[in-house]
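Visitor: Below you'll find the structure I mean.
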Amino acid sequence: VADALLAQARAAVGAGVARGWRVPRLASVHRDAATPFSAYLRQQAKIAAAAGLEFRAHPLTSPADQPALEATLAALDGDRAVHGVLVEHPLPPPFDFHRALRRLRPEKDVDGVGWQNLGRLLAGHPLQVPAVARAAVALLRAHGFALAGRRIGVVGRSPTVGLPLALLLLLRGESGDATVTVAHSRTPDLAGALAGCDAVISCAGRPGLLRRSVVPRGAVVIDVGLSSVADPERPGASRMVGDADAEDLEGWAAAITPVPGGVGPVTVAMLMANAVLGWEALEGAGGT
Ligand code: NAP
């Protein structure tokens with residue numbers, strides 16, 4: 001699924017450039033420090049190249065504070081050679097991520113988490129939608145799961161993952177029309193909430209949460225959760241796991257995405273698709 005998305009992105013970039021459009025450029029804005037985000041950026045730069053995009057890092061040098069972040073975003077928003085901007089998150093206090101994102105026009109907010117993009121999704125006119133939400137839907141569709149009318153359980157309601165995913169599934173049209181149940185940490189009976197669901201998409205970040213005791217028999221499981229846990233086979237080392245107990249669900253769920261290597265790679269490829277979408281909107285309007 002990820003390879004197909006990257007091939008589509010490359011083809012779209014080739015067609016636009018042949019029409020005389022600028023090469024799409026994705027910029028990242030982050031603190032100039034070794035954080036989990038810096039490892040993520042190295043991967044993004046590689047995948048951006050595979051999708052035919054230019055990638056430029058914009059580390060915040062001293063002072064790395066809110067005014068510097070907002071000034072950098074305002075400059076990138078006004079730069080016609082830049083088509084998409086990734087902003088480090090989570091950022092520690094006193095940074096205000098959402099306030100900073102207001103400096104970006106919605107086309108350039110490729111993470112789709114700025115209030116304009118979330119509002120557009122809520123109103124049924126999405127522009128940039130969080131890549132992880134689009135990736136979960138793309139995985140279901142690529143495996144022949146028709147969404148219309150089906151019962152889908154979303155576990156998690158964060159404004160960056162669970163909530164936009166639930167809204168996307170509710171939209172009219174082929175990536176939506178589902179009947180959606182949203183569960184969260186205050187849901188007293190998760191099994192009861194998910195009963196009768198044809199698919200469960202878990203975005204809780206709680207290893208082992210999805211077991212036979214909560215997943216309906218025969219449901220498709222899309223595991224968005226990603227947590228670092230101690231690796232029992234390598235003392236002192238850690239490994240990434242999802243929310244699903246895949247061993248327990250073997251022979252019970254109809255299908256289940258692995259972690260790592262499931263939703264993650266499709267999300268990164270989808271982020272490039274978002275960057276291409278923003279580029280097409282901006283260059284198609286004359287690069288303004
Ligand atoms: P988050 O802000 O911590 O939100 C977690 C959500 O799960 C919250 O809504 C929380 O409920 C709910 N939750 C927690 N424990 C629960 C439980 N026992 N039962 C039911 N619901 C529970 O995390 P996030 O940013 O949304 O990310 C969710 C997960 O997705 C994380 O593991 C993250 O690493 C992963 N992720 C993966 C990708 C990818 O590419 N694969 C991309 C983005 C995120 P409350 O609202 O009540 O607190």
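Each chain of the structure tokens is named A, B, ... in the order shown, its residues numbered from 1; ligands are numbered from 1 in display order.
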Return as JSON, numbers by chain every polymer residue, whether protein, DNA or RNA, with at least one atom no more than 8 Å from an atom of ligand 1; count only C-alpha atoms and all ligand atoms.
Guide: {"A": [131, 132, 155, 156, 157, 158, 159, 160, 161, 162, 183, 184, 185, 186, 187, 190, 202, 203, 204, 205, 206, 209, 223, 224, 225, 226, 227, 242, 243, 262, 263, 264, 265, 266, 267, 268]}
Visitor: Could you give me, as a ChimeraX atom specification, the residues within 8 Å of A:Arg239, counting only C-alpha atoms and dropping anything in the same chain fewer than 5 positions from it?
Guide: /A:228-231
Visitor: Residues of the last selection are to be written out with N, CA and C atoms, as a JSON list (two decimals), in the first residue's frame.
Guide:
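selection.json, freshly written:
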```json
[["chain", "number", "residue", "atom", "x", "y", "z"],
["A", 228, "SER", "N", 6.94, 1.88, 23.09],
["A", 228, "SER", "CA", 8.26, 1.29, 23.28],
["A", 228, "SER", "C", 8.25, 0.51, 24.60],
["A", 229, "VAL", "N", 8.58, -0.78, 24.53],
["A", 229, "VAL", "CA", 8.60, -1.61, 25.75],
["A", 229, "VAL", "C", 9.94, -2.33, 25.84],
["A", 230, "ALA", "N", 10.28, -2.80, 27.03],
["A", 230, "ALA", "CA", 11.53, -3.55, 27.23],
["A", 230, "ALA", "C", 11.47, -4.83, 26.38],
["A", 231, "ASP", "N", 12.59, -5.14, 25.73],
["A", 231, "ASP", "CA", 12.64, -6.33, 24.88],
["A", 231, "ASP", "C", 13.09, -7.52, 25.74]]
```
Visitor: Please provide the set of residues having any atom within 9 Å of stretch 98-105 of chain A, restricted to only C-alpha atoms, with same-chain residues fewer than 4 positions apart removed, written as a PyMOL selection string.
Guide: chain A and resi 66-67+69-71+73-78+85+87+109+113-116
Visitor: Return the single residue from A:Leu5, A:Ala237, A:Ala57, A:Leu139 that is closest to A:Ile222, with distances computed using only C-alpha atoms.
Guide: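 Nearest candidate to A:Ile222 out of A:Leu5, A:Ala237, A:Ala57, A:Leu139: A:Leu139.
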Visitor: Quick check, in Å to one decimal: how far apart do atom CA of A:Val259 and atom CA of A:Leu170 lie?
Guide: 25.9 Å
Visitor: Smallest atom-to-atom distance to A:Leu277: which of A:Glu250, A:Asp198, A:Asp177, A:Glu107, using only C-alpha atoms?
Guide: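 Of A:Glu250, A:Asp198, A:Asp177, A:Glu107, the one nearest A:Leu277 is A:Glu107, counting only C-alpha atoms.
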Visitor: Taking only C-alpha atoms into account, which of A:Ala178, A:Leu53, A:Ala48, A:Leu121 comes nearest A:Pro24?
Guide: A:Leu53
Visitor: Which parts of stretch 56-287 of chain A does DSSP call alpha helix (DSSP H) when run on the backbone here, written out as a ChimeraX atom specification?
Guide: /A:66-78,97-101,115-122,131-142,162-170,190-194,246-249,263-284
Visitor: Okay, now the selection with C-alpha atoms, as a PDB file, in the first residue's frame?
Guide:
```
ATOM      1  CA  GLN A  66       7.648  30.361  20.603  1.00  0.00           C
ATOM      2  CA  PRO A  67       8.357  33.692  18.811  1.00  0.00           C
ATOM      3  CA  ALA A  68      11.183  32.033  16.830  1.00  0.00           C
ATOM      4  CA  LEU A  69       8.917  29.095  15.949  1.00  0.00           C
ATOM      5  CA  GLU A  70       6.115  31.406  14.802  1.00  0.00           C
ATOM      6  CA  ALA A  71       8.504  33.639  12.823  1.00  0.00           C
ATOM      7  CA  THR A  72       9.969  30.576  11.052  1.00  0.00           C
ATOM      8  CA  LEU A  73       6.495  29.280  10.173  1.00  0.00           C
ATOM      9  CA  ALA A  74       5.371  32.707   8.933  1.00  0.00           C
ATOM     10  CA  ALA A  75       8.465  32.909   6.688  1.00  0.00           C
ATOM     11  CA  LEU A  76       7.860  29.405   5.293  1.00  0.00           C
ATOM     12  CA  ASP A  77       4.179  30.220   4.769  1.00  0.00           C
ATOM     13  CA  GLY A  78       5.174  33.195   2.617  1.00  0.00           C
ATOM     14  CA  PHE A  97       1.949  23.990  19.002  1.00  0.00           C
ATOM     15  CA  HIS A  98      -1.582  24.925  17.890  1.00  0.00           C
ATOM     16  CA  ARG A  99      -0.963  28.641  18.240  1.00  0.00           C
ATOM     17  CA  ALA A 100       2.145  28.271  16.055  1.00  0.00           C
ATOM     18  CA  LEU A 101       0.257  26.286  13.410  1.00  0.00           C
ATOM     19  CA  TRP A 115      -7.545  24.064  13.579  1.00  0.00           C
ATOM     20  CA  GLN A 116      -8.449  25.134  10.032  1.00  0.00           C
ATOM     21  CA  ASN A 117      -7.877  21.613   8.731  1.00  0.00           C
ATOM     22  CA  LEU A 118      -9.689  19.974  11.659  1.00  0.00           C
ATOM     23  CA  GLY A 119     -12.586  22.398  11.174  1.00  0.00           C
ATOM     24  CA  ARG A 120     -12.771  21.616   7.474  1.00  0.00           C
ATOM     25  CA  LEU A 121     -12.913  17.886   8.230  1.00  0.00           C
ATOM     26  CA  LEU A 122     -15.664  18.469  10.795  1.00  0.00           C
ATOM     27  CA  ALA A 131      -1.875  11.034   7.490  1.00  0.00           C
ATOM     28  CA  VAL A 132      -2.328   8.328  10.125  1.00  0.00           C
ATOM     29  CA  ALA A 133      -6.127   8.542   9.798  1.00  0.00           C
ATOM     30  CA  ARG A 134      -5.968   8.369   6.014  1.00  0.00           C
ATOM     31  CA  ALA A 135      -3.485   5.461   6.304  1.00  0.00           C
ATOM     32  CA  ALA A 136      -5.857   3.421   8.490  1.00  0.00           C
ATOM     33  CA  VAL A 137      -8.688   3.923   5.983  1.00  0.00           C
ATOM     34  CA  ALA A 138      -6.379   3.176   3.017  1.00  0.00           C
ATOM     35  CA  LEU A 139      -5.335  -0.121   4.624  1.00  0.00           C
ATOM     36  CA  LEU A 140      -8.944  -1.196   5.114  1.00  0.00           C
ATOM     37  CA  ARG A 141      -9.874  -0.264   1.549  1.00  0.00           C
ATOM     38  CA  ALA A 142      -6.760  -1.824  -0.008  1.00  0.00           C
ATOM     39  CA  GLY A 162      -8.526   9.098  17.053  1.00  0.00           C
ATOM     40  CA  LEU A 163     -10.889  12.013  16.597  1.00  0.00           C
ATOM     41  CA  PRO A 164      -9.921  12.946  12.996  1.00  0.00           C
ATOM     42  CA  LEU A 165     -10.042   9.244  12.116  1.00  0.00           C
ATOM     43  CA  ALA A 166     -13.581   8.941  13.495  1.00  0.00           C
ATOM     44  CA  LEU A 167     -14.633  12.041  11.511  1.00  0.00           C
ATOM     45  CA  LEU A 168     -13.026  10.682   8.325  1.00  0.00           C
ATOM     46  CA  LEU A 169     -14.911   7.385   8.728  1.00  0.00           C
ATOM     47  CA  LEU A 170     -18.173   9.327   9.078  1.00  0.00           C
ATOM     48  CA  LEU A 190     -14.598  -1.553  26.118  1.00  0.00           C
ATOM     49  CA  ALA A 191     -15.816  -5.018  25.058  1.00  0.00           C
ATOM     50  CA  GLY A 192     -19.433  -3.828  25.259  1.00  0.00           C
ATOM     51  CA  ALA A 193     -18.612  -0.675  23.245  1.00  0.00           C
ATOM     52  CA  LEU A 194     -16.896  -2.702  20.498  1.00  0.00           C
ATOM     53  CA  ALA A 246      -1.412 -10.482  18.119  1.00  0.00           C
ATOM     54  CA  GLU A 247      -0.790 -13.930  19.599  1.00  0.00           C
ATOM     55  CA  ASP A 248      -4.051 -13.867  21.538  1.00  0.00           C
ATOM     56  CA  LEU A 249      -5.962 -12.618  18.463  1.00  0.00           C
ATOM     57  CA  VAL A 263       0.220   1.382   9.765  1.00  0.00           C
ATOM     58  CA  GLY A 264       3.613   3.143  10.227  1.00  0.00           C
ATOM     59  CA  PRO A 265       5.047   2.861   6.686  1.00  0.00           C
ATOM     60  CA  VAL A 266       1.643   3.643   5.146  1.00  0.00           C
ATOM     61  CA  THR A 267       1.386   6.762   7.340  1.00  0.00           C
ATOM     62  CA  VAL A 268       4.778   8.051   6.162  1.00  0.00           C
ATOM     63  CA  ALA A 269       3.831   7.445   2.513  1.00  0.00           C
ATOM     64  CA  MET A 270       0.465   9.143   3.150  1.00  0.00           C
ATOM     65  CA  LEU A 271       2.250  12.172   4.555  1.00  0.00           C
ATOM     66  CA  MET A 272       4.004  12.492   1.186  1.00  0.00           C
ATOM     67  CA  ALA A 273       0.620  12.164  -0.531  1.00  0.00           C
ATOM     68  CA  ASN A 274      -0.582  15.056   1.683  1.00  0.00           C
ATOM     69  CA  ALA A 275       2.452  17.122   0.666  1.00  0.00           C
ATOM     70  CA  VAL A 276       1.673  16.453  -3.012  1.00  0.00           C
ATOM     71  CA  LEU A 277      -1.983  17.395  -2.454  1.00  0.00           C
ATOM     72  CA  GLY A 278      -0.973  20.732  -0.885  1.00  0.00           C
ATOM     73  CA  TRP A 279       1.534  21.344  -3.702  1.00  0.00           C
ATOM     74  CA  GLU A 280      -1.126  20.648  -6.361  1.00  0.00           C
ATOM     75  CA  ALA A 281      -3.522  23.069  -4.666  1.00  0.00           C
ATOM     76  CA  LEU A 282      -0.911  25.829  -4.379  1.00  0.00           C
ATOM     77  CA  GLU A 283       0.803  25.417  -7.766  1.00  0.00           C
ATOM     78  CA  GLY A 284      -2.539  24.812  -9.477  1.00  0.00           C
TER      79      GLY A 284
END
```
Visitor: Excluding A:Ala50 and residues on its chain fewer than 5 positions from it, collect all residues at most 12 Å away from it, counting only C-alpha atoms, and give them as an mmCIF file with all heavy atoms, in the first residue's frame.
Guide:
```cif
data_model
loop_
_atom_site.group_PDB
_atom_site.id
_atom_site.type_symbol
_atom_site.label_atom_id
_atom_site.label_comp_id
_atom_site.auth_asym_id
_atom_site.auth_seq_id
_atom_site.Cartn_x
_atom_site.Cartn_y
_atom_site.Cartn_z
ATOM 1 N N ALA A 2 1.949 1.204 0.827
ATOM 2 C CA ALA A 2 2.859 2.365 0.906
ATOM 3 C C ALA A 2 3.565 2.575 -0.438
ATOM 4 O O ALA A 2 3.677 3.713 -0.921
ATOM 5 C CB ALA A 2 3.887 2.149 2.017
ATOM 6 N N ASP A 3 4.002 1.475 -1.049
ATOM 7 C CA ASP A 3 4.703 1.599 -2.337
ATOM 8 C C ASP A 3 3.793 2.209 -3.398
ATOM 9 O O ASP A 3 4.220 3.037 -4.201
ATOM 10 C CB ASP A 3 5.203 0.223 -2.812
ATOM 11 C CG ASP A 3 6.402 -0.247 -1.999
ATOM 12 O OD1 ASP A 3 6.968 0.573 -1.247
ATOM 13 O OD2 ASP A 3 6.748 -1.442 -2.109
ATOM 14 N N ALA A 4 2.529 1.789 -3.396
ATOM 15 C CA ALA A 4 1.590 2.323 -4.394
ATOM 16 C C ALA A 4 1.387 3.827 -4.175
ATOM 17 O O ALA A 4 1.327 4.604 -5.144
ATOM 18 C CB ALA A 4 0.256 1.582 -4.300
ATOM 19 N N LEU A 5 1.305 4.243 -2.908
ATOM 20 C CA LEU A 5 1.132 5.674 -2.611
ATOM 21 C C LEU A 5 2.344 6.476 -3.080
ATOM 22 O O LEU A 5 2.209 7.562 -3.656
ATOM 23 C CB LEU A 5 0.949 5.889 -1.101
ATOM 24 C CG LEU A 5 -0.416 5.499 -0.530
ATOM 25 C CD1 LEU A 5 -0.357 5.442 0.996
ATOM 26 C CD2 LEU A 5 -1.479 6.496 -0.988
ATOM 27 N N LEU A 6 3.540 5.920 -2.852
ATOM 28 C CA LEU A 6 4.755 6.649 -3.264
ATOM 29 C C LEU A 6 4.854 6.714 -4.788
ATOM 30 O O LEU A 6 5.260 7.738 -5.350
ATOM 31 C CB LEU A 6 6.006 5.989 -2.661
ATOM 32 C CG LEU A 6 6.133 6.127 -1.133
ATOM 33 C CD1 LEU A 6 7.345 5.361 -0.615
ATOM 34 C CD2 LEU A 6 6.216 7.596 -0.711
ATOM 35 N N ALA A 7 4.456 5.626 -5.456
ATOM 36 C CA ALA A 7 4.485 5.624 -6.929
ATOM 37 C C ALA A 7 3.502 6.667 -7.475
ATOM 38 O O ALA A 7 3.812 7.408 -8.423
ATOM 39 C CB ALA A 7 4.145 4.227 -7.455
ATOM 40 N N GLN A 8 2.323 6.758 -6.842
ATOM 41 C CA GLN A 8 1.324 7.759 -7.269
ATOM 42 C C GLN A 8 1.872 9.174 -7.064
ATOM 43 O O GLN A 8 1.679 10.055 -7.892
ATOM 44 C CB GLN A 8 0.070 7.640 -6.406
ATOM 45 C CG GLN A 8 -0.983 6.694 -6.946
ATOM 46 C CD GLN A 8 -2.064 6.447 -5.879
ATOM 47 O OE1 GLN A 8 -2.324 7.295 -5.036
ATOM 48 N NE2 GLN A 8 -2.664 5.279 -5.916
ATOM 49 N N ALA A 9 2.555 9.369 -5.931
ATOM 50 C CA ALA A 9 3.109 10.694 -5.625
ATOM 51 C C ALA A 9 4.153 11.065 -6.678
ATOM 52 O O ALA A 9 4.142 12.178 -7.224
ATOM 53 C CB ALA A 9 3.727 10.696 -4.223
ATOM 54 N N ARG A 10 5.044 10.110 -6.983
ATOM 55 C CA ARG A 10 6.094 10.368 -7.998
ATOM 56 C C ARG A 10 5.478 10.718 -9.344
ATOM 57 O O ARG A 10 5.910 11.638 -10.034
ATOM 58 C CB ARG A 10 6.984 9.127 -8.174
ATOM 59 C CG ARG A 10 8.206 9.096 -7.280
ATOM 60 C CD ARG A 10 9.222 8.070 -7.766
ATOM 61 N NE ARG A 10 8.654 6.755 -8.047
ATOM 62 C CZ ARG A 10 8.449 5.814 -7.120
ATOM 63 N NH1 ARG A 10 8.737 6.061 -5.862
ATOM 64 N NH2 ARG A 10 7.939 4.640 -7.444
ATOM 65 N N ALA A 11 4.445 9.982 -9.724
ATOM 66 C CA ALA A 11 3.802 10.229 -11.031
ATOM 67 C C ALA A 11 3.163 11.628 -11.040
ATOM 68 O O ALA A 11 3.283 12.372 -12.029
ATOM 69 C CB ALA A 11 2.750 9.159 -11.307
ATOM 70 N N VAL A 13 4.042 14.223 -9.235
ATOM 71 C CA VAL A 13 5.103 15.239 -9.236
ATOM 72 C C VAL A 13 5.663 15.382 -10.654
ATOM 73 O O VAL A 13 5.828 16.502 -11.173
ATOM 74 C CB VAL A 13 6.229 14.865 -8.227
ATOM 75 C CG1 VAL A 13 7.438 15.770 -8.396
ATOM 76 C CG2 VAL A 13 5.687 14.953 -6.797
ATOM 77 N N GLN A 43 14.055 9.639 8.543
ATOM 78 C CA GLN A 43 13.239 8.702 7.763
ATOM 79 C C GLN A 43 12.366 9.482 6.768
ATOM 80 O O GLN A 43 12.257 9.106 5.590
ATOM 81 C CB GLN A 43 12.375 7.896 8.743
ATOM 82 C CG GLN A 43 11.544 6.826 8.096
ATOM 83 C CD GLN A 43 10.359 6.443 8.966
ATOM 84 O OE1 GLN A 43 9.943 7.206 9.847
ATOM 85 N NE2 GLN A 43 9.789 5.283 8.714
ATOM 86 N N GLN A 44 11.799 10.621 7.234
ATOM 87 C CA GLN A 44 10.944 11.422 6.357
ATOM 88 C C GLN A 44 11.715 11.922 5.143
ATOM 89 O O GLN A 44 11.208 11.936 4.034
ATOM 90 C CB GLN A 44 10.383 12.651 7.084
ATOM 91 C CG GLN A 44 9.588 12.359 8.309
ATOM 92 C CD GLN A 44 8.277 11.685 7.978
ATOM 93 O OE1 GLN A 44 8.130 11.112 6.912
ATOM 94 N NE2 GLN A 44 7.347 11.733 8.866
ATOM 95 N N ALA A 45 12.971 12.359 5.386
ATOM 96 C CA ALA A 45 13.783 12.906 4.297
ATOM 97 C C ALA A 45 14.000 11.845 3.223
ATOM 98 O O ALA A 45 13.912 12.120 2.015
ATOM 99 C CB ALA A 45 15.111 13.400 4.857
ATOM 100 N N PHE A 55 13.382 18.026 0.342
ATOM 101 C CA PHE A 55 13.160 18.077 1.789
ATOM 102 C C PHE A 55 14.200 18.998 2.398
ATOM 103 O O PHE A 55 15.388 18.854 2.129
ATOM 104 C CB PHE A 55 13.304 16.667 2.374
ATOM 105 C CG PHE A 55 12.869 16.557 3.809
ATOM 106 C CD1 PHE A 55 11.562 16.251 4.130
ATOM 107 C CD2 PHE A 55 13.775 16.753 4.841
ATOM 108 C CE1 PHE A 55 11.155 16.145 5.451
ATOM 109 C CE2 PHE A 55 13.378 16.645 6.166
ATOM 110 C CZ PHE A 55 12.064 16.340 6.467
ATOM 111 N N VAL A 268 3.701 7.216 6.707
ATOM 112 C CA VAL A 268 4.778 8.051 6.162
ATOM 113 C C VAL A 268 4.526 8.315 4.669
ATOM 114 O O VAL A 268 4.660 9.450 4.186
ATOM 115 C CB VAL A 268 6.159 7.376 6.378
ATOM 116 C CG1 VAL A 268 7.252 8.219 5.761
ATOM 117 C CG2 VAL A 268 6.427 7.185 7.859
ATOM 118 N N ALA A 269 4.121 7.272 3.947
ATOM 119 C CA ALA A 269 3.831 7.445 2.513
ATOM 120 C C ALA A 269 2.636 8.393 2.335
ATOM 121 O O ALA A 269 2.615 9.230 1.420
ATOM 122 C CB ALA A 269 3.548 6.094 1.872
ATOM 123 N N MET A 272 3.497 11.989 2.472
ATOM 124 C CA MET A 272 4.004 12.492 1.186
ATOM 125 C C MET A 272 2.831 12.768 0.231
ATOM 126 O O MET A 272 2.852 13.738 -0.528
ATOM 127 C CB MET A 272 4.986 11.493 0.555
ATOM 128 C CG MET A 272 6.186 11.191 1.454
ATOM 129 S SD MET A 272 7.010 12.700 2.032
ATOM 130 C CE MET A 272 7.663 12.156 3.617
ATOM 131 N N ALA A 273 1.816 11.917 0.298
ATOM 132 C CA ALA A 273 0.620 12.164 -0.531
ATOM 133 C C ALA A 273 -0.020 13.486 -0.105
ATOM 134 O O ALA A 273 -0.483 14.268 -0.948
ATOM 135 C CB ALA A 273 -0.375 11.009 -0.377
#
```
Visitor: For A:Pro126, which of A:Pro106, A:Gly236, A:Gly286, A:Gly144 is the closest residue, counting only C-alpha atoms?
Guide: A:Pro106
Visitor: Any idea what's packed within 10 Å of A:Gly251, counting only C-alpha atoms, ignoring anything in its chain fewer than 6 positions away? Could you give it as a PyMOL selection string?
Guide: chain A and resi 212+217-218
Visitor: Please produce an output containing N, CA and C atoms for each residue in the selection, written as an mmCIF file, in the first residue's frame.
Guide:
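Produced file out16.cif, reproduced below:
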```cif
data_model
loop_
_atom_site.group_PDB
_atom_site.id
_atom_site.type_symbol
_atom_site.label_atom_id
_atom_site.label_comp_id
_atom_site.auth_asym_id
_atom_site.auth_seq_id
_atom_site.Cartn_x
_atom_site.Cartn_y
_atom_site.Cartn_z
ATOM 1 N N ARG A 212 -8.825 -11.102 22.739
ATOM 2 C CA ARG A 212 -10.107 -11.761 22.416
ATOM 3 C C ARG A 212 -11.242 -11.263 23.307
ATOM 4 N N ARG A 217 -15.284 -11.439 17.535
ATOM 5 C CA ARG A 217 -14.752 -12.523 16.691
ATOM 6 C C ARG A 217 -14.959 -12.163 15.223
ATOM 7 N N GLY A 218 -13.922 -12.339 14.395
ATOM 8 C CA GLY A 218 -14.034 -12.094 12.952
ATOM 9 C C GLY A 218 -13.834 -10.644 12.560
#
```
Visitor: Mind giving me the straight-line distance from atom CA of A:Arg19 to atom CA of A:Arg80 in Å, one decimal?
Guide: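 Calculated distance between atom CA of A:Arg19 and atom CA of A:Arg80 is 16.8 Å.
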Visitor: Nearest residue to A:Thr61 out of A:Ala81, A:Ala33, A:Val200, A:Ala39, using only C-alpha atoms?
Guide: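 Looking at the shortest contact to A:Thr61, the residue is A:Ala33.
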Visitor: Using DSSP assignments from the backbone, pull out every residue in stretch 83-157 of chain A that falls under strand (DSSP E or B) and give it to me as a PDB file with all heavy atoms, in the first residue's frame.
Guide:
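Written file, states_6.pdb:
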```pdb
ATOM      1  N   GLY A  84       4.907  22.457   1.779  1.00  0.00           N
ATOM      2  CA  GLY A  84       4.390  21.772   2.959  1.00  0.00           C
ATOM      3  C   GLY A  84       5.359  21.947   4.102  1.00  0.00           C
ATOM      4  O   GLY A  84       6.569  22.068   3.884  1.00  0.00           O
ATOM      5  N   VAL A  85       4.822  21.998   5.322  1.00  0.00           N
ATOM      6  CA  VAL A  85       5.679  22.199   6.500  1.00  0.00           C
ATOM      7  C   VAL A  85       5.287  21.198   7.586  1.00  0.00           C
ATOM      8  O   VAL A  85       4.113  21.072   7.935  1.00  0.00           O
ATOM      9  CB  VAL A  85       5.538  23.637   7.056  1.00  0.00           C
ATOM     10  CG1 VAL A  85       6.483  23.853   8.231  1.00  0.00           C
ATOM     11  CG2 VAL A  85       5.799  24.680   5.962  1.00  0.00           C
ATOM     12  N   LEU A  86       6.308  20.503   8.088  1.00  0.00           N
ATOM     13  CA  LEU A  86       6.120  19.589   9.226  1.00  0.00           C
ATOM     14  C   LEU A  86       6.640  20.296  10.461  1.00  0.00           C
ATOM     15  O   LEU A  86       7.743  20.834  10.430  1.00  0.00           O
ATOM     16  CB  LEU A  86       7.010  18.358   9.042  1.00  0.00           C
ATOM     17  CG  LEU A  86       6.620  17.303   8.048  1.00  0.00           C
ATOM     18  CD1 LEU A  86       7.787  16.340   7.857  1.00  0.00           C
ATOM     19  CD2 LEU A  86       5.433  16.555   8.585  1.00  0.00           C
ATOM     20  N   VAL A  87       5.887  20.282  11.531  1.00  0.00           N
ATOM     21  CA  VAL A  87       6.333  20.947  12.760  1.00  0.00           C
ATOM     22  C   VAL A  87       6.526  19.884  13.839  1.00  0.00           C
ATOM     23  O   VAL A  87       5.660  19.013  14.017  1.00  0.00           O
ATOM     24  CB  VAL A  87       5.307  21.997  13.223  1.00  0.00           C
ATOM     25  CG1 VAL A  87       5.839  22.770  14.435  1.00  0.00           C
ATOM     26  CG2 VAL A  87       4.970  22.968  12.088  1.00  0.00           C
ATOM     27  N   ASP A 109      -0.117  22.850   5.935  1.00  0.00           N
ATOM     28  CA  ASP A 109      -0.171  22.091   7.188  1.00  0.00           C
ATOM     29  C   ASP A 109      -0.340  20.610   6.828  1.00  0.00           C
ATOM     30  O   ASP A 109      -1.421  20.045   6.923  1.00  0.00           O
ATOM     31  CB  ASP A 109      -1.350  22.621   8.034  1.00  0.00           C
ATOM     32  CG  ASP A 109      -1.721  21.701   9.185  1.00  0.00           C
ATOM     33  OD1 ASP A 109      -0.852  20.947   9.660  1.00  0.00           O
ATOM     34  OD2 ASP A 109      -2.903  21.732   9.596  1.00  0.00           O
ATOM     35  N   ARG A 151     -19.889  -1.292  10.764  1.00  0.00           N
ATOM     36  CA  ARG A 151     -19.663  -0.795  12.128  1.00  0.00           C
ATOM     37  C   ARG A 151     -18.177  -0.815  12.439  1.00  0.00           C
ATOM     38  O   ARG A 151     -17.524  -1.858  12.374  1.00  0.00           O
ATOM     39  CB  ARG A 151     -20.428  -1.664  13.119  1.00  0.00           C
ATOM     40  CG  ARG A 151     -21.947  -1.491  12.943  1.00  0.00           C
ATOM     41  CD  ARG A 151     -22.673  -1.841  14.215  1.00  0.00           C
ATOM     42  NE  ARG A 151     -22.036  -1.174  15.353  1.00  0.00           N
ATOM     43  CZ  ARG A 151     -22.202  -1.553  16.617  1.00  0.00           C
ATOM     44  NH1 ARG A 151     -22.946  -2.582  16.899  1.00  0.00           N
ATOM     45  NH2 ARG A 151     -21.610  -0.889  17.595  1.00  0.00           N
ATOM     46  N   ILE A 152     -17.630   0.353  12.745  1.00  0.00           N
ATOM     47  CA  ILE A 152     -16.191   0.445  13.020  1.00  0.00           C
ATOM     48  C   ILE A 152     -15.983   1.063  14.401  1.00  0.00           C
ATOM     49  O   ILE A 152     -16.576   2.104  14.724  1.00  0.00           O
ATOM     50  CB  ILE A 152     -15.470   1.279  11.938  1.00  0.00           C
ATOM     51  CG1 ILE A 152     -15.709   0.631  10.561  1.00  0.00           C
ATOM     52  CG2 ILE A 152     -13.970   1.381  12.250  1.00  0.00           C
ATOM     53  CD1 ILE A 152     -14.941   1.223   9.432  1.00  0.00           C
ATOM     54  N   GLY A 153     -15.162   0.410  15.200  1.00  0.00           N
ATOM     55  CA  GLY A 153     -14.836   0.925  16.526  1.00  0.00           C
ATOM     56  C   GLY A 153     -13.478   1.611  16.479  1.00  0.00           C
ATOM     57  O   GLY A 153     -12.510   1.048  15.972  1.00  0.00           O
ATOM     58  N   VAL A 154     -13.425   2.842  16.969  1.00  0.00           N
ATOM     59  CA  VAL A 154     -12.155   3.574  17.059  1.00  0.00           C
ATOM     60  C   VAL A 154     -11.830   3.680  18.543  1.00  0.00           C
ATOM     61  O   VAL A 154     -12.654   4.170  19.324  1.00  0.00           O
ATOM     62  CB  VAL A 154     -12.272   4.985  16.428  1.00  0.00           C
ATOM     63  CG1 VAL A 154     -10.984   5.781  16.644  1.00  0.00           C
ATOM     64  CG2 VAL A 154     -12.598   4.887  14.941  1.00  0.00           C
ATOM     65  N   VAL A 155     -10.663   3.203  18.944  1.00  0.00           N
ATOM     66  CA  VAL A 155     -10.272   3.304  20.346  1.00  0.00           C
ATOM     67  C   VAL A 155      -9.271   4.445  20.453  1.00  0.00           C
ATOM     68  O   VAL A 155      -8.155   4.351  19.934  1.00  0.00           O
ATOM     69  CB  VAL A 155      -9.669   1.976  20.855  1.00  0.00           C
ATOM     70  CG1 VAL A 155      -9.382   2.083  22.359  1.00  0.00           C
ATOM     71  CG2 VAL A 155     -10.605   0.814  20.564  1.00  0.00           C
TER      72      VAL A 155
END
```
Visitor: Counting only C-alpha atoms, which residue out of A:Ala18, A:Leu91, A:Val110, A:Ala254 sits closest to A:Ala64?
Guide: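 Comparing A:Ala18, A:Leu91, A:Val110, A:Ala254 against A:Ala64, the winner is A:Leu91.
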Visitor: Can you tell me, as a list in words, what residues are no more than 6 Å from A:Val221 when counting only C-alpha atoms, ignoring any on the same chain fewer than 3 positions away?
Guide: Ala199, Val200, Ile201 and Ile256 of chain A
